[in-house]
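The data block below is entry_15.tsv; it holds TSV, N, CA, C and O atoms and all ligand atoms.
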chain	number	residue	atom	x	y	z
A	805	MET	N	4.85	18.86	4.89
A	805	MET	CA	5.55	18.31	3.72
A	805	MET	C	4.59	17.41	2.94
A	805	MET	O	3.99	16.50	3.49
A	806	SER	N	4.42	17.68	1.68
A	806	SER	CA	3.59	16.81	0.85
A	806	SER	C	4.48	16.16	-0.21
A	806	SER	O	5.50	16.71	-0.61
A	807	PRO	N	4.10	14.96	-0.63
A	807	PRO	CA	4.95	14.23	-1.57
A	807	PRO	C	4.96	14.87	-2.96
A	807	PRO	O	4.00	15.54	-3.35
A	808	LEU	N	6.04	14.64	-3.68
A	808	LEU	CA	6.15	15.13	-5.05
A	808	LEU	C	5.24	14.33	-5.96
A	808	LEU	O	4.69	14.85	-6.93
A	809	ALA	N	5.08	13.04	-5.61
A	809	ALA	CA	4.27	12.17	-6.45
A	809	ALA	C	3.67	11.06	-5.61
A	809	ALA	O	4.30	10.58	-4.66
A	810	VAL	N	2.46	10.68	-5.95
A	810	VAL	CA	1.80	9.54	-5.33
A	810	VAL	C	1.35	8.63	-6.46
A	810	VAL	O	0.74	9.07	-7.41
A	811	ALA	N	1.72	7.36	-6.35
A	811	ALA	CA	1.33	6.42	-7.39
A	811	ALA	C	0.70	5.20	-6.74
A	811	ALA	O	1.12	4.75	-5.68
A	812	ASN	N	-0.33	4.69	-7.38
A	812	ASN	CA	-1.01	3.51	-6.90
A	812	ASN	C	-0.55	2.33	-7.76
A	812	ASN	O	-0.89	2.25	-8.94
A	813	SER	N	0.27	1.46	-7.18
A	813	SER	CA	0.80	0.33	-7.94
A	813	SER	C	-0.03	-0.91	-7.67
A	813	SER	O	0.16	-1.62	-6.68
A	814	ARG	N	-0.99	-1.18	-8.56
A	814	ARG	CA	-1.86	-2.34	-8.37
A	814	ARG	C	-1.07	-3.64	-8.48
A	814	ARG	O	-1.39	-4.63	-7.84
A	815	SER	N	0.00	-3.65	-9.29
A	815	SER	CA	0.77	-4.88	-9.46
A	815	SER	C	1.54	-5.23	-8.18
A	815	SER	O	1.69	-6.39	-7.84
A	816	LYS	N	2.00	-4.20	-7.45
A	816	LYS	CA	2.73	-4.44	-6.20
A	816	LYS	C	1.83	-4.44	-4.99
A	816	LYS	O	2.26	-4.74	-3.89
A	817	GLN	N	0.56	-4.03	-5.18
A	817	GLN	CA	-0.37	-3.91	-4.04
A	817	GLN	C	0.14	-2.89	-3.04
A	817	GLN	O	0.04	-3.07	-1.83
A	818	GLN	N	0.73	-1.83	-3.56
A	818	GLN	CA	1.31	-0.81	-2.70
A	818	GLN	C	1.04	0.58	-3.25
A	818	GLN	O	0.85	0.77	-4.44
A	819	LEU	N	1.09	1.52	-2.31
A	819	LEU	CA	1.06	2.92	-2.66
A	819	LEU	C	2.50	3.42	-2.63
A	819	LEU	O	3.24	3.10	-1.70
A	820	HIS	N	2.88	4.17	-3.62
A	820	HIS	CA	4.25	4.66	-3.71
A	820	HIS	C	4.26	6.17	-3.56
A	820	HIS	O	3.55	6.87	-4.28
A	821	LEU	N	5.05	6.66	-2.60
A	821	LEU	CA	5.16	8.10	-2.40
A	821	LEU	C	6.61	8.53	-2.58
A	821	LEU	O	7.52	7.89	-2.07
A	822	SER	N	6.79	9.62	-3.31
A	822	SER	CA	8.12	10.22	-3.48
A	822	SER	C	8.14	11.53	-2.71
A	822	SER	O	7.36	12.43	-2.99
A	823	TRP	N	9.04	11.60	-1.72
A	823	TRP	CA	9.09	12.79	-0.86
A	823	TRP	C	10.17	13.76	-1.33
A	823	TRP	O	11.15	13.35	-1.95
A	824	PRO	N	9.98	15.06	-1.03
A	824	PRO	CA	10.95	16.08	-1.49
A	824	PRO	C	12.37	15.84	-0.97
A	824	PRO	O	13.34	16.29	-1.58
A	825	ASP	N	12.50	15.12	0.17
A	825	ASP	CA	13.85	14.87	0.70
A	825	ASP	C	14.52	13.67	0.02
A	825	ASP	O	15.59	13.24	0.43
A	826	GLY	N	13.87	13.13	-1.00
A	826	GLY	CA	14.49	12.05	-1.76
A	826	GLY	C	14.06	10.66	-1.31
A	826	GLY	O	14.41	9.66	-1.93
A	827	ARG	N	13.30	10.60	-0.21
A	827	ARG	CA	12.88	9.30	0.30
A	827	ARG	C	11.77	8.72	-0.59
A	827	ARG	O	10.87	9.43	-1.00
A	828	GLU	N	11.89	7.43	-0.87
A	828	GLU	CA	10.86	6.71	-1.61
A	828	GLU	C	10.17	5.79	-0.61
A	828	GLU	O	10.82	5.03	0.10
A	829	GLN	N	8.87	5.85	-0.57
A	829	GLN	CA	8.14	5.07	0.42
A	829	GLN	C	7.11	4.19	-0.29
A	829	GLN	O	6.35	4.64	-1.14
A	830	TRP	N	7.13	2.91	0.07
A	830	TRP	CA	6.15	1.96	-0.46
A	830	TRP	C	5.30	1.46	0.70
A	830	TRP	O	5.83	0.94	1.68
A	831	LEU	N	4.00	1.62	0.60
A	831	LEU	CA	3.11	1.24	1.69
A	831	LEU	C	2.12	0.18	1.20
A	831	LEU	O	1.40	0.40	0.22
A	832	ASP	N	2.10	-0.94	1.90
A	832	ASP	CA	1.20	-2.03	1.53
A	832	ASP	C	-0.26	-1.63	1.72
A	832	ASP	O	-0.61	-1.00	2.71
A	833	TYR	N	-1.10	-2.05	0.80
A	833	TYR	CA	-2.53	-1.76	0.92
A	833	TYR	C	-3.08	-2.23	2.26
A	833	TYR	O	-3.83	-1.52	2.91
A	834	ALA	N	-2.71	-3.46	2.66
A	834	ALA	CA	-3.27	-4.02	3.89
A	834	ALA	C	-2.85	-3.20	5.10
A	834	ALA	O	-3.64	-2.98	6.02
A	835	LEU	N	-1.58	-2.71	5.09
A	835	LEU	CA	-1.12	-1.87	6.18
A	835	LEU	C	-1.93	-0.57	6.22
A	835	LEU	O	-2.38	-0.14	7.29
A	836	LEU	N	-2.13	0.02	5.07
A	836	LEU	CA	-2.89	1.27	5.01
A	836	LEU	C	-4.31	1.08	5.53
A	836	LEU	O	-4.82	1.91	6.27
A	837	ARG	N	-4.90	-0.05	5.16
A	837	ARG	CA	-6.26	-0.32	5.62
A	837	ARG	C	-6.29	-0.51	7.14
A	837	ARG	O	-7.19	0.00	7.80
A	838	LYS	N	-5.28	-1.22	7.67
A	838	LYS	CA	-5.22	-1.44	9.11
A	838	LYS	C	-4.98	-0.15	9.87
A	838	LYS	O	-5.43	0.00	11.00
A	839	GLN	N	-4.24	0.78	9.25
A	839	GLN	CA	-3.88	2.03	9.92
A	839	GLN	C	-4.82	3.17	9.53
A	839	GLN	O	-4.48	4.33	9.71
A	840	CYS	N	-5.99	2.84	9.02
A	840	CYS	CA	-6.95	3.86	8.60
A	840	CYS	C	-7.18	4.85	9.74
A	840	CYS	O	-7.45	4.45	10.87
A	841	PRO	N	-7.05	6.16	9.42
A	841	PRO	CA	-7.16	7.17	10.48
A	841	PRO	C	-8.58	7.67	10.74
A	841	PRO	O	-8.74	8.64	11.47
A	842	CYS	N	-9.60	7.04	10.19
A	842	CYS	CA	-10.95	7.54	10.45
A	842	CYS	C	-11.35	7.25	11.89
A	842	CYS	O	-10.75	6.41	12.56
A	843	SER	N	-12.37	7.95	12.37
A	843	SER	CA	-12.75	7.85	13.79
A	843	SER	C	-13.15	6.43	14.15
A	843	SER	O	-12.83	5.93	15.24
A	844	GLN	N	-13.82	5.74	13.23
A	844	GLN	CA	-14.27	4.37	13.47
A	844	GLN	C	-13.08	3.43	13.70
A	844	GLN	O	-13.04	2.68	14.68
A	845	CYS	N	-12.09	3.49	12.81
A	845	CYS	CA	-10.93	2.60	12.93
A	845	CYS	C	-10.04	2.99	14.10
A	845	CYS	O	-9.45	2.13	14.75
A	846	ARG	N	-9.94	4.29	14.37
A	846	ARG	CA	-9.20	4.75	15.56
A	846	ARG	C	-9.80	4.13	16.81
A	846	ARG	O	-9.08	3.67	17.70
A	847	ALA	N	-11.12	4.15	16.90
A	847	ALA	CA	-11.81	3.60	18.07
A	847	ALA	C	-11.49	2.12	18.23
A	847	ALA	O	-11.22	1.64	19.32
A	848	PHE	N	-11.50	1.39	17.10
A	848	PHE	CA	-11.15	-0.03	17.13
A	848	PHE	C	-9.76	-0.24	17.73
A	848	PHE	O	-9.56	-1.08	18.60
A	849	ARG	N	-8.80	0.57	17.25
A	849	ARG	CA	-7.41	0.38	17.69
A	849	ARG	C	-7.24	0.77	19.16
A	849	ARG	O	-6.47	0.15	19.88
A	850	LEU	N	-7.97	1.81	19.60
A	850	LEU	CA	-7.88	2.20	21.01
A	850	LEU	C	-8.38	1.09	21.91
A	850	LEU	O	-7.92	0.91	23.03
A	851	GLN	N	-9.35	0.32	21.41
A	851	GLN	CA	-9.86	-0.82	22.18
A	851	GLN	C	-8.93	-2.02	22.09
A	851	GLN	O	-9.20	-3.07	22.66
A	852	GLY	N	-7.86	-1.87	21.31
A	852	GLY	CA	-6.89	-2.95	21.18
A	852	GLY	C	-7.26	-3.98	20.14
A	852	GLY	O	-6.58	-5.00	20.00
A	853	SER	N	-8.31	-3.73	19.39
A	853	SER	CA	-8.70	-4.68	18.34
A	853	SER	C	-8.55	-4.01	16.98
A	853	SER	O	-9.18	-3.01	16.71
A	854	ALA	N	-7.65	-4.55	16.18
A	854	ALA	CA	-7.44	-4.00	14.84
A	854	ALA	C	-8.68	-4.28	14.00
A	854	ALA	O	-9.32	-5.31	14.17
A	855	PRO	N	-9.02	-3.36	13.11
A	855	PRO	CA	-10.12	-3.65	12.19
A	855	PRO	C	-9.80	-4.91	11.39
A	855	PRO	O	-8.64	-5.15	11.04
A	856	LEU	N	-10.81	-5.71	11.15
A	856	LEU	CA	-10.60	-6.94	10.39
A	856	LEU	C	-10.28	-6.56	8.94
A	856	LEU	O	-11.06	-5.90	8.28
A	857	VAL	N	-9.10	-6.99	8.49
A	857	VAL	CA	-8.66	-6.60	7.15
A	857	VAL	C	-8.33	-7.84	6.34
A	857	VAL	O	-7.57	-8.71	6.78
A	858	ASP	N	-8.89	-7.90	5.16
A	858	ASP	CA	-8.54	-8.95	4.22
A	858	ASP	C	-7.16	-8.62	3.64
A	858	ASP	O	-6.93	-7.49	3.18
A	859	ALA	N	-6.24	-9.57	3.69
A	859	ALA	CA	-4.87	-9.32	3.21
A	859	ALA	C	-4.85	-8.94	1.73
A	859	ALA	O	-3.88	-8.36	1.26
A	860	ARG	N	-5.91	-9.28	1.01
A	860	ARG	CA	-5.94	-8.98	-0.43
A	860	ARG	C	-6.65	-7.67	-0.74
A	860	ARG	O	-6.96	-7.39	-1.90
A	861	VAL	N	-6.92	-6.88	0.31
A	861	VAL	CA	-7.63	-5.63	0.09
A	861	VAL	C	-6.87	-4.73	-0.89
A	861	VAL	O	-5.63	-4.73	-0.92
A	862	GLN	N	-7.62	-4.02	-1.73
A	862	GLN	CA	-7.02	-3.16	-2.75
A	862	GLN	C	-7.37	-1.70	-2.48
A	862	GLN	O	-8.43	-1.43	-1.92
A	863	VAL	N	-6.50	-0.81	-2.91
A	863	VAL	CA	-6.87	0.60	-2.97
A	863	VAL	C	-7.44	0.84	-4.36
A	863	VAL	O	-6.74	0.67	-5.36
A	864	VAL	N	-8.72	1.17	-4.42
A	864	VAL	CA	-9.37	1.31	-5.73
A	864	VAL	C	-9.59	2.77	-6.10
A	864	VAL	O	-10.00	3.08	-7.21
A	865	GLY	N	-9.31	3.68	-5.15
A	865	GLY	CA	-9.47	5.08	-5.48
A	865	GLY	C	-8.61	5.97	-4.61
A	865	GLY	O	-8.35	5.66	-3.45
A	866	LEU	N	-8.13	7.07	-5.19
A	866	LEU	CA	-7.33	8.06	-4.48
A	866	LEU	C	-7.97	9.42	-4.73
A	866	LEU	O	-8.13	9.81	-5.88
A	867	ASN	N	-8.32	10.13	-3.66
A	867	ASN	CA	-8.85	11.47	-3.82
A	867	ASN	C	-8.00	12.44	-3.03
A	867	ASN	O	-8.04	12.45	-1.81
A	868	ALA	N	-7.20	13.24	-3.75
A	868	ALA	CA	-6.33	14.21	-3.07
A	868	ALA	C	-7.19	15.24	-2.34
A	868	ALA	O	-8.20	15.70	-2.87
A	869	GLN	N	-6.79	15.56	-1.10
A	869	GLN	CA	-7.56	16.49	-0.29
A	869	GLN	C	-6.72	17.69	0.13
A	869	GLN	O	-7.09	18.39	1.06
A	870	GLY	N	-5.61	17.92	-0.53
A	870	GLY	CA	-4.76	19.05	-0.17
A	870	GLY	C	-3.77	18.68	0.92
A	870	GLY	O	-2.59	18.56	0.66
A	871	TYR	N	-4.27	18.45	2.14
A	871	TYR	CA	-3.39	18.11	3.26
A	871	TYR	C	-3.11	16.61	3.33
A	871	TYR	O	-2.36	16.14	4.16
A	872	GLY	N	-3.74	15.86	2.45
A	872	GLY	CA	-3.57	14.42	2.48
A	872	GLY	C	-4.36	13.78	1.36
A	872	GLY	O	-4.68	14.42	0.37
A	873	VAL	N	-4.67	12.50	1.55
A	873	VAL	CA	-5.37	11.79	0.49
A	873	VAL	C	-6.42	10.85	1.10
A	873	VAL	O	-6.18	10.20	2.12
A	874	GLN	N	-7.59	10.85	0.49
A	874	GLN	CA	-8.62	9.90	0.88
A	874	GLN	C	-8.42	8.63	0.08
A	874	GLN	O	-8.26	8.68	-1.14
A	875	LEU	N	-8.38	7.49	0.78
A	875	LEU	CA	-8.23	6.22	0.10
A	875	LEU	C	-9.55	5.47	0.08
A	875	LEU	O	-10.23	5.37	1.11
A	876	VAL	N	-9.89	4.94	-1.08
A	876	VAL	CA	-11.09	4.12	-1.23
A	876	VAL	C	-10.63	2.68	-1.38
A	876	VAL	O	-9.85	2.35	-2.28
A	877	PHE	N	-11.09	1.82	-0.46
A	877	PHE	CA	-10.66	0.42	-0.46
A	877	PHE	C	-11.70	-0.48	-1.11
A	877	PHE	O	-12.89	-0.17	-1.14
A	878	SER	N	-11.19	-1.63	-1.57
A	878	SER	CA	-12.06	-2.57	-2.28
A	878	SER	C	-13.10	-3.21	-1.36
A	878	SER	O	-14.08	-3.79	-1.84
A	879	ASP	N	-12.91	-3.11	-0.04
A	879	ASP	CA	-13.92	-3.65	0.86
A	879	ASP	C	-15.03	-2.63	1.15
A	879	ASP	O	-15.87	-2.86	2.01
A	880	GLY	N	-14.99	-1.51	0.44
A	880	GLY	CA	-16.04	-0.51	0.57
A	880	GLY	C	-15.74	0.58	1.57
A	880	GLY	O	-16.48	1.55	1.68
A	881	HIS	N	-14.62	0.44	2.31
A	881	HIS	CA	-14.28	1.44	3.31
A	881	HIS	C	-13.63	2.64	2.66
A	881	HIS	O	-12.68	2.49	1.89
A	882	GLU	N	-14.16	3.84	2.93
A	882	GLU	CA	-13.62	5.03	2.28
A	882	GLU	C	-13.71	6.23	3.21
A	882	GLU	O	-13.76	7.37	2.78
A	883	ARG	N	-13.71	5.96	4.52
A	883	ARG	CA	-13.84	7.05	5.49
A	883	ARG	C	-12.53	7.69	5.84
A	883	ARG	O	-12.51	8.77	6.45
A	884	GLY	N	-11.41	7.03	5.51
A	884	GLY	CA	-10.12	7.51	5.98
A	884	GLY	C	-9.50	8.55	5.08
A	884	GLY	O	-9.31	8.31	3.89
A	885	ILE	N	-9.18	9.71	5.65
A	885	ILE	CA	-8.37	10.69	4.95
A	885	ILE	C	-7.02	10.70	5.64
A	885	ILE	O	-6.92	10.97	6.83
A	886	TYR	N	-5.99	10.33	4.89
A	886	TYR	CA	-4.65	10.13	5.44
A	886	TYR	C	-3.83	11.40	5.23
A	886	TYR	O	-3.40	11.68	4.11
A	887	PRO	N	-3.57	12.16	6.30
A	887	PRO	CA	-2.70	13.34	6.15
A	887	PRO	C	-1.30	12.90	5.72
A	887	PRO	O	-0.84	11.82	6.07
A	888	TRP	N	-0.63	13.75	4.95
A	888	TRP	CA	0.72	13.39	4.45
A	888	TRP	C	1.66	13.05	5.59
A	888	TRP	O	2.45	12.12	5.49
A	889	GLU	N	1.59	13.82	6.69
A	889	GLU	CA	2.50	13.56	7.82
A	889	GLU	C	2.24	12.17	8.40
A	889	GLU	O	3.15	11.52	8.90
A	890	TYR	N	0.98	11.77	8.37
A	890	TYR	CA	0.61	10.45	8.90
A	890	TYR	C	1.21	9.34	8.02
A	890	TYR	O	1.81	8.39	8.51
A	891	LEU	N	1.07	9.51	6.70
A	891	LEU	CA	1.64	8.52	5.78
A	891	LEU	C	3.16	8.46	5.92
A	891	LEU	O	3.75	7.37	5.89
A	892	ALA	N	3.78	9.64	6.09
A	892	ALA	CA	5.25	9.69	6.14
A	892	ALA	C	5.81	8.89	7.30
A	892	ALA	O	6.92	8.36	7.21
A	893	GLN	N	5.04	8.76	8.40
A	893	GLN	CA	5.60	8.07	9.57
A	893	GLN	C	5.20	6.60	9.62
A	893	GLN	O	5.60	5.88	10.53
A	894	LEU	N	4.43	6.13	8.64
A	894	LEU	CA	4.09	4.70	8.62
A	894	LEU	C	5.32	3.90	8.19
A	894	LEU	O	6.15	4.39	7.41
A	895	PRO	N	5.46	2.68	8.70
A	895	PRO	CA	6.64	1.89	8.35
A	895	PRO	C	6.60	1.51	6.86
A	895	PRO	O	5.60	0.97	6.39
A	896	PRO	N	7.67	1.82	6.13
A	896	PRO	CA	7.71	1.46	4.72
A	896	PRO	C	7.85	-0.03	4.56
A	896	PRO	O	8.38	-0.72	5.44
A	897	HIS	N	7.38	-0.54	3.44
A	897	HIS	CA	7.51	-1.96	3.16
A	897	HIS	C	8.99	-2.32	3.10
A	897	HIS	O	9.76	-1.67	2.41
A	898	ALA	N	9.38	-3.35	3.85
A	898	ALA	CA	10.78	-3.76	3.85
A	898	ALA	C	11.02	-4.69	2.66
A	898	ALA	O	10.73	-5.89	2.72
A	899	ALA	N	11.52	-4.14	1.60
A	899	ALA	CA	11.71	-4.91	0.37
A	899	ALA	C	12.66	-6.07	0.60
A	899	ALA	O	13.72	-5.89	1.19
A	900	GLY	N	12.29	-7.22	0.13
A	900	GLY	CA	13.19	-8.35	0.15
A	900	GLY	C	13.15	-9.16	1.43
A	900	GLY	O	13.72	-10.23	1.51
A	901	VAL	N	12.49	-8.67	2.47
A	901	VAL	CA	12.50	-9.37	3.74
A	901	VAL	C	11.51	-10.54	3.75
A	901	VAL	O	11.84	-11.63	4.18
A	902	ASP	N	10.33	-10.29	3.21
A	902	ASP	CA	9.32	-11.36	3.24
A	902	ASP	C	9.10	-11.93	1.85
A	902	ASP	O	8.05	-12.42	1.51
A	903	GLY	N	10.10	-11.88	1.04
A	903	GLY	CA	9.98	-12.52	-0.25
A	903	GLY	C	9.85	-11.53	-1.37
A	903	GLY	O	9.74	-11.93	-2.50
A	1001	ZN	ZN	-11.38	3.68	8.78
Encoding of this model in structure tokens:
Amino acid sequence: MSPLAVANSRSKQQLHLSWPDGREQWLDYALLRKQCPCSQCRAFRLQGSAPLVDARVQVVGLNAQGYGVQLVFSDGHERGIYPWEYLAQLPPHAAGVDG
């Protein structure tokens, strides 16, 4: 399943995905950076240490890859290609909970 639309909302610091089943998903940049699926970041998480992420990290580029999307972050990290299924199972931003 691939989303109908992907939008990069710099004002909200979130990526917005619209899924064919009607679900709207908002994913925080910092969460996406922490959950980067590249081999380097996977190795970090397997060791139990999350990659060091600046809370103000931005998504500065989106490159569609067919089965997913490559995200380019403002800290220079651009190794992660996020398959759509992977994005779909990430926890959506809980609107209104943290302000
Ligand atoms: Zn990574």
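Interatomic distance, CA of Leu821 in chain A against atom O of Gly870 in chain A: 13.4 Å.
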Problem - Picked from range 807-884 of chain A by DSSP as strand (DSSP E), as a count of residues only - result: 27
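Neighbouring residues of ligand ZN 1001 (chain A) at a cut-off of 6 Å, counting only C-alpha atoms and all ligand atoms, are Cys840, Pro841, Cys842, Gln844, Cys845, Arg883 and Gly884 of chain A.
Proximity ranking of A:Pro824, A:Leu894, A:Arg814, A:Pro807 relative to Gly872 in chain A places A:Pro807 first, based on only C-alpha atoms.
One finds CA of Arg846 in chain A at 18.7 Å from CA of Asp832 in chain A.
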Practice task
May I have the residues within 7 Å of Pro896 in chain A as an MDAnalysis selection string, using only N, CA, C and O atoms and disregarding those fewer than 2 positions away in the same chain?
Solution key: chainID A and resid 828:832 891:894 898:899
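Omitting range 851-860 of chain A and its sequence neighbours fewer than 5 positions away, and counting only C-alpha atoms, the residues within 9 Å are A:Gln817, A:Tyr833, A:Ala834, A:Leu835, A:Arg837, A:Lys838, A:Gln839, A:Cys840, A:Cys845, A:Arg846, A:Asp879.
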Exercise for the section: Please identify all polymer residues lying at most 8 Å from the point (-6.6, -4.2, -6.2) (file coordinates), using only N, CA, C and O atoms, and present the result as a ChimeraX atom specification. Expected result: /A:813-815,817,860-864,878
Exercise for the section: Please identify all polymer residues within 8 Å of Leu808 in chain A, counting all atoms listed in the file, omitting same-chain residues fewer than 5 positions from it, and present them as JSON, numbers by chain. Expected result: {"A": [820, 821, 822, 823, 824, 825, 827]}
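Atom N of Ser806 in chain A to atom O of Arg849 in chain A spans 27.5 Å [interatomic distance, one decimal].
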